[in-house]
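Raw contents of data_0.cif, mmCIF, C-alpha atoms:
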data_run
#
loop_
_atom_site.label_atom_id
_atom_site.label_comp_id
_atom_site.auth_asym_id
_atom_site.auth_seq_id
_atom_site.Cartn_x
_atom_site.Cartn_y
_atom_site.Cartn_z
CA MET A 1 62.72 -83.65 55.92
CA LYS A 2 61.42 -80.11 55.56
CA ILE A 3 61.54 -78.04 52.38
CA SER A 4 64.29 -75.41 52.39
CA LYS A 5 63.47 -71.74 52.81
CA ASP A 6 64.86 -70.96 49.33
CA LEU A 7 62.79 -73.63 47.58
CA ASN A 8 59.73 -72.61 49.56
CA ALA A 9 60.16 -68.97 48.51
CA ALA A 10 60.81 -69.86 44.86
CA SER A 11 57.69 -72.01 44.58
CA ALA A 12 55.22 -70.11 46.78
CA SER A 13 53.54 -67.92 44.14
CA ALA A 14 53.06 -70.85 41.76
CA ILE A 15 51.62 -72.94 44.60
CA VAL A 16 49.16 -70.23 45.67
CA LEU A 17 48.00 -69.68 42.09
CA GLY A 18 47.64 -73.44 41.64
CA ILE A 19 45.49 -73.73 44.76
CA LEU A 20 43.30 -70.82 43.68
CA GLN A 21 42.68 -72.36 40.24
CA THR A 22 40.26 -74.73 41.99
CA GLY A 23 38.21 -71.78 43.26
CA GLU A 24 38.34 -68.93 45.73
CA SER A 25 39.88 -69.52 49.13
CA TYR A 26 41.08 -67.70 52.24
CA GLY A 27 44.44 -67.57 53.99
CA TYR A 28 44.05 -70.29 56.60
CA ALA A 29 42.56 -72.70 54.06
CA ILE A 30 45.49 -72.07 51.70
CA VAL A 31 47.98 -72.81 54.50
CA GLN A 32 46.11 -76.03 55.31
CA LYS A 33 45.97 -77.08 51.65
CA VAL A 34 49.74 -76.62 51.29
CA ARG A 35 50.29 -78.77 54.39
CA GLU A 36 47.90 -81.43 53.04
CA LEU A 37 49.38 -81.50 49.52
CA SER A 38 52.93 -81.77 50.90
CA GLY A 39 52.13 -84.50 53.40
CA GLY A 40 53.17 -82.12 56.17
CA GLU A 41 56.59 -81.36 54.63
CA VAL A 42 55.71 -77.74 53.88
CA GLU A 43 54.26 -75.62 56.66
CA TRP A 44 53.55 -72.00 55.89
CA SER A 45 52.85 -69.31 58.46
CA ASP A 46 50.55 -66.33 58.06
CA GLY A 47 53.68 -64.18 58.02
CA MET A 48 54.86 -65.98 54.92
CA LEU A 49 51.54 -66.28 53.07
CA TYR A 50 50.06 -62.79 53.34
CA PRO A 51 52.96 -60.94 51.67
CA ILE A 52 52.64 -63.39 48.76
CA LEU A 53 48.89 -62.79 48.53
CA HIS A 54 49.43 -59.01 48.65
CA ARG A 55 52.08 -59.18 45.92
CA LEU A 56 49.89 -61.35 43.69
CA GLN A 57 47.04 -58.91 44.21
CA ALA A 58 49.30 -55.90 43.41
CA ASP A 59 50.43 -57.73 40.26
CA GLY A 60 46.79 -58.12 39.20
CA LEU A 61 46.86 -61.93 39.37
CA ILE A 62 44.33 -62.31 42.18
CA ASP A 63 41.38 -60.33 43.52
CA ALA A 64 40.28 -60.22 47.14
CA ARG A 65 36.90 -59.67 48.74
CA TRP A 66 35.65 -59.64 52.29
CA GLY A 67 33.03 -62.23 53.17
CA LEU A 68 31.67 -64.09 56.15
CA SER A 69 32.64 -67.56 57.28
CA GLU A 70 30.07 -70.17 58.24
CA THR A 71 30.37 -68.90 61.83
CA GLY A 72 29.76 -65.28 60.78
CA ARG A 73 33.38 -64.20 61.21
CA LYS A 74 34.84 -61.78 58.61
CA ARG A 75 37.24 -63.47 56.21
CA LYS A 76 39.16 -62.28 53.15
CA TYR A 77 38.65 -64.50 50.12
CA TYR A 78 41.06 -64.62 47.18
CA GLN A 79 40.42 -65.68 43.59
CA LEU A 80 42.31 -65.70 40.31
CA THR A 81 41.92 -62.97 37.71
CA ALA A 82 42.02 -63.62 33.97
CA GLU A 83 45.60 -62.27 33.97
CA ALA A 84 46.71 -65.17 36.18
CA TYR A 85 46.18 -67.92 33.61
CA PRO A 86 48.98 -67.01 31.17
CA VAL A 87 51.33 -66.52 34.14
CA MET A 88 50.38 -69.96 35.47
CA ASN A 89 51.07 -71.52 32.06
CA ASP A 90 54.51 -69.89 31.99
CA ASP A 91 55.18 -71.03 35.58
CA ARG A 92 54.13 -74.56 34.71
CA ARG A 93 56.52 -74.65 31.74
CA ARG A 94 59.41 -73.28 33.83
CA TRP A 95 58.85 -75.73 36.70
CA ARG A 96 58.56 -78.66 34.27
CA THR A 97 61.89 -77.61 32.75
CA VAL A 98 63.52 -77.54 36.19
CA GLN A 99 61.94 -80.89 37.04
CA ALA A 100 63.14 -82.44 33.76
CA ILE A 101 66.70 -81.26 34.43
CA LEU A 102 66.70 -82.60 37.98
CA ASP A 103 65.11 -85.91 36.96
CA GLN A 104 67.85 -86.46 34.40
CA LEU A 105 70.63 -85.44 36.76
CA TRP A 106 69.36 -87.66 39.54
CA ALA A 107 68.95 -90.58 37.14
CA MET A 108 72.57 -90.40 36.00
CA GLU A 109 74.79 -93.20 37.21
CA ILE A 110 77.98 -92.21 38.94
CA SER A 111 80.96 -94.32 38.03
CA SER A 112 84.40 -93.96 39.58
CA GLY A 113 83.60 -90.52 40.92
CA SER A 114 82.63 -89.02 37.57
CA ALA A 115 79.14 -88.56 36.27
CA ALA A 116 77.98 -90.14 33.05
CA GLN A 117 77.01 -87.79 30.23
CA ALA A 118 73.47 -86.50 30.71
CA PRO A 119 71.12 -86.66 27.74
CA THR A 120 69.64 -83.48 26.29
CA VAL A 121 66.83 -82.08 28.40
CA SER A 122 63.40 -82.87 26.99
CA VAL A 123 60.82 -80.46 28.34
CA PRO A 124 57.22 -81.66 28.52
CA ALA A 125 54.71 -79.56 26.58
CA VAL A 126 52.17 -77.54 28.52
#

How does the structure come out when it is put into structure tokens?
Amino acid sequence: MKISKDLNAASASAIVLGILQTGESYGYAIVQKVRELSGGEVEWSDGMLYPILHRLQADGLIDARWGLSETGRKRKYYQLTAEAYPVMNDDRRRWRTVQAILDQLWAMEISSGSAAQAPTVSVPAV
């Protein structure tokens, strides 16, 4: 099962920011980390990642610098700015809200074709 294009697009910025909170990284390493974290369910291409990185940079959430890889090849490294942290906290709260809603909906028992009443959504604190 692969992740849908819509879900991939909706979550991409939050995923990139989350990866960069562990330290600076470069495009190929970000793509590999996404594949690793998803157990191979999410596979990003350069064509998908670089517009996200450019948008995050234009929004002031990440900085970029050119550096050299271990083999001496030029590589662009990305890192979070201070402005990224409040955005990440907001993203975390929003995604936890969505997760709480889905968890409750998926936990509901279906009886005779009608769903049982769902309890009020309890959103975890950030």

> Which of these, A:Ala82, A:Ile30, A:Ala10, A:Leu37, has the shortest distance to Leu49 of chain A once you count all atoms listed in the file?
Replying inline: A:Ile30

> Which residue, A:Ala107, A:Ile15, A:Val98, A:Val31, has the smallest gap to Tyr50 of chain A when you use all atoms listed in the file?
Replying inline: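 Ranking A:Ala107, A:Ile15, A:Val98, A:Val31 by distance to Tyr50 of chain A, first place goes to A:Val31.
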
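For the choices A:Ile52, A:Gly39, A:Leu7, A:Ile62, the atom-to-atom distance to Met88 of chain A is smallest for A:Ile62 when using only C-alpha atoms.
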
> Which residues match the PyMOL selection byres ((chain A and resi 53) around 9) in the file above, as a list of chain:residue names?
Replying inline: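 Taken on the displayed file, the PyMOL selection byres ((chain A and resi 53) around 9) yields the residues A:Ser13, A:Val16, A:Gly27, A:Leu49, A:Tyr50, A:Pro51, A:Ile52, A:His54, A:Arg55, A:Leu56, A:Gln57, A:Ala58, A:Ile62, A:Tyr78.
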
> Between A:Met108, A:Leu68, A:Ala100, A:Leu80, which has the minimum distance to Glu24 of chain A (counting only C-alpha atoms)?
Replying inline: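 Of all the options, A:Leu80 lies closest to Glu24 of chain A.
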
> So which one's closest to Leu61 of chain A, A:Gly47, A:Pro86, A:Gly40, A:Gly23? Using only C-alpha atoms, please.
Replying inline: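 Ranking A:Gly47, A:Pro86, A:Gly40, A:Gly23 by distance to Leu61 of chain A, first place goes to A:Pro86.
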
> Which is closer to Arg35 of chain A than all the others in A:Arg65, A:Arg94, A:Lys2, A:Lys76, using only C-alpha atoms?
Replying inline: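 Looking only at the distances to Arg35 of chain A, the closest residue turns out to be A:Lys2.
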
Reconstructed segment 66-96 of chain A, atom set N, CA and C atoms, as a PDB file, keeping the file's coordinate frame:
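rebuild33.pdb, freshly written:
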ATOM      1  N   TRP A  66      36.009 -59.269  50.928  1.00  0.00           N
ATOM      2  CA  TRP A  66      35.650 -59.640  52.290  1.00  0.00           C
ATOM      3  C   TRP A  66      34.328 -60.388  52.257  1.00  0.00           C
ATOM      4  N   GLY A  67      34.247 -61.437  53.037  1.00  0.00           N
ATOM      5  CA  GLY A  67      33.030 -62.230  53.170  1.00  0.00           C
ATOM      6  C   GLY A  67      32.920 -62.743  54.583  1.00  0.00           C
ATOM      7  N   LEU A  68      31.885 -63.518  54.826  1.00  0.00           N
ATOM      8  CA  LEU A  68      31.670 -64.090  56.150  1.00  0.00           C
ATOM      9  C   LEU A  68      31.864 -65.597  56.105  1.00  0.00           C
ATOM     10  N   SER A  69      32.488 -66.114  57.150  1.00  0.00           N
ATOM     11  CA  SER A  69      32.640 -67.560  57.280  1.00  0.00           C
ATOM     12  C   SER A  69      31.310 -68.169  57.707  1.00  0.00           C
ATOM     13  N   GLU A  70      31.283 -69.485  57.806  1.00  0.00           N
ATOM     14  CA  GLU A  70      30.070 -70.170  58.240  1.00  0.00           C
ATOM     15  C   GLU A  70      29.661 -69.754  59.657  1.00  0.00           C
ATOM     16  N   THR A  71      30.639 -69.313  60.445  1.00  0.00           N
ATOM     17  CA  THR A  71      30.370 -68.900  61.830  1.00  0.00           C
ATOM     18  C   THR A  71      30.068 -67.404  61.932  1.00  0.00           C
ATOM     19  N   GLY A  72      30.061 -66.698  60.795  1.00  0.00           N
ATOM     20  CA  GLY A  72      29.760 -65.280  60.780  1.00  0.00           C
ATOM     21  C   GLY A  72      30.982 -64.380  60.966  1.00  0.00           C
ATOM     22  N   ARG A  73      32.153 -64.971  61.045  1.00  0.00           N
ATOM     23  CA  ARG A  73      33.380 -64.200  61.210  1.00  0.00           C
ATOM     24  C   ARG A  73      33.829 -63.634  59.856  1.00  0.00           C
ATOM     25  N   LYS A  74      34.350 -62.378  59.853  1.00  0.00           N
ATOM     26  CA  LYS A  74      34.840 -61.780  58.610  1.00  0.00           C
ATOM     27  C   LYS A  74      36.077 -62.528  58.129  1.00  0.00           C
ATOM     28  N   ARG A  75      36.134 -62.717  56.814  1.00  0.00           N
ATOM     29  CA  ARG A  75      37.240 -63.470  56.210  1.00  0.00           C
ATOM     30  C   ARG A  75      37.517 -62.872  54.836  1.00  0.00           C
ATOM     31  N   LYS A  76      38.788 -62.789  54.474  1.00  0.00           N
ATOM     32  CA  LYS A  76      39.160 -62.280  53.150  1.00  0.00           C
ATOM     33  C   LYS A  76      39.349 -63.459  52.213  1.00  0.00           C
ATOM     34  N   TYR A  77      38.592 -63.439  51.118  1.00  0.00           N
ATOM     35  CA  TYR A  77      38.650 -64.500  50.120  1.00  0.00           C
ATOM     36  C   TYR A  77      39.436 -64.020  48.903  1.00  0.00           C
ATOM     37  N   TYR A  78      40.220 -64.932  48.336  1.00  0.00           N
ATOM     38  CA  TYR A  78      41.060 -64.620  47.180  1.00  0.00           C
ATOM     39  C   TYR A  78      40.649 -65.499  46.018  1.00  0.00           C
ATOM     40  N   GLN A  79      40.712 -64.912  44.799  1.00  0.00           N
ATOM     41  CA  GLN A  79      40.420 -65.680  43.590  1.00  0.00           C
ATOM     42  C   GLN A  79      41.287 -65.186  42.453  1.00  0.00           C
ATOM     43  N   LEU A  80      41.480 -66.043  41.465  1.00  0.00           N
ATOM     44  CA  LEU A  80      42.310 -65.700  40.310  1.00  0.00           C
ATOM     45  C   LEU A  80      41.614 -64.667  39.433  1.00  0.00           C
ATOM     46  N   THR A  81      42.427 -63.848  38.764  1.00  0.00           N
ATOM     47  CA  THR A  81      41.920 -62.970  37.710  1.00  0.00           C
ATOM     48  C   THR A  81      42.258 -63.629  36.372  1.00  0.00           C
ATOM     49  N   ALA A  82      41.723 -63.087  35.305  1.00  0.00           N
ATOM     50  CA  ALA A  82      42.020 -63.620  33.970  1.00  0.00           C
ATOM     51  C   ALA A  82      43.516 -63.495  33.654  1.00  0.00           C
ATOM     52  N   GLU A  83      44.165 -62.480  34.205  1.00  0.00           N
ATOM     53  CA  GLU A  83      45.600 -62.270  33.970  1.00  0.00           C
ATOM     54  C   GLU A  83      46.456 -63.376  34.564  1.00  0.00           C
ATOM     55  N   ALA A  84      45.928 -64.129  35.508  1.00  0.00           N
ATOM     56  CA  ALA A  84      46.710 -65.170  36.180  1.00  0.00           C
ATOM     57  C   ALA A  84      46.964 -66.378  35.288  1.00  0.00           C
ATOM     58  N   TYR A  85      46.075 -66.682  34.375  1.00  0.00           N
ATOM     59  CA  TYR A  85      46.180 -67.920  33.610  1.00  0.00           C
ATOM     60  C   TYR A  85      47.416 -67.991  32.703  1.00  0.00           C
ATOM     61  N   PRO A  86      47.738 -66.934  31.956  1.00  0.00           N
ATOM     62  CA  PRO A  86      48.980 -67.010  31.170  1.00  0.00           C
ATOM     63  C   PRO A  86      50.223 -67.109  32.060  1.00  0.00           C
ATOM     64  N   VAL A  87      50.203 -66.447  33.195  1.00  0.00           N
ATOM     65  CA  VAL A  87      51.330 -66.520  34.140  1.00  0.00           C
ATOM     66  C   VAL A  87      51.461 -67.944  34.666  1.00  0.00           C
ATOM     67  N   MET A  88      50.346 -68.577  34.976  1.00  0.00           N
ATOM     68  CA  MET A  88      50.380 -69.960  35.470  1.00  0.00           C
ATOM     69  C   MET A  88      50.913 -70.897  34.399  1.00  0.00           C
ATOM     70  N   ASN A  89      50.548 -70.682  33.144  1.00  0.00           N
ATOM     71  CA  ASN A  89      51.070 -71.520  32.060  1.00  0.00           C
ATOM     72  C   ASN A  89      52.578 -71.368  31.931  1.00  0.00           C
ATOM     73  N   ASP A  90      53.061 -70.119  32.035  1.00  0.00           N
ATOM     74  CA  ASP A  90      54.510 -69.890  31.990  1.00  0.00           C
ATOM     75  C   ASP A  90      55.200 -70.553  33.178  1.00  0.00           C
ATOM     76  N   ASP A  91      54.619 -70.390  34.376  1.00  0.00           N
ATOM     77  CA  ASP A  91      55.180 -71.030  35.580  1.00  0.00           C
ATOM     78  C   ASP A  91      55.248 -72.537  35.405  1.00  0.00           C
ATOM     79  N   ARG A  92      54.193 -73.111  34.896  1.00  0.00           N
ATOM     80  CA  ARG A  92      54.130 -74.560  34.710  1.00  0.00           C
ATOM     81  C   ARG A  92      55.252 -75.024  33.787  1.00  0.00           C
ATOM     82  N   ARG A  93      55.455 -74.295  32.687  1.00  0.00           N
ATOM     83  CA  ARG A  93      56.520 -74.650  31.740  1.00  0.00           C
ATOM     84  C   ARG A  93      57.890 -74.539  32.409  1.00  0.00           C
ATOM     85  N   ARG A  94      58.113 -73.467  33.164  1.00  0.00           N
ATOM     86  CA  ARG A  94      59.410 -73.280  33.830  1.00  0.00           C
ATOM     87  C   ARG A  94      59.668 -74.375  34.857  1.00  0.00           C
ATOM     88  N   TRP A  95      58.667 -74.697  35.677  1.00  0.00           N
ATOM     89  CA  TRP A  95      58.850 -75.730  36.700  1.00  0.00           C
ATOM     90  C   TRP A  95      59.035 -77.106  36.073  1.00  0.00           C
ATOM     91  N   ARG A  96      58.360 -77.368  34.956  1.00  0.00           N
ATOM     92  CA  ARG A  96      58.560 -78.660  34.270  1.00  0.00           C
ATOM     93  C   ARG A  96      59.972 -78.744  33.700  1.00  0.00           C
TER      94      ARG A  96
END
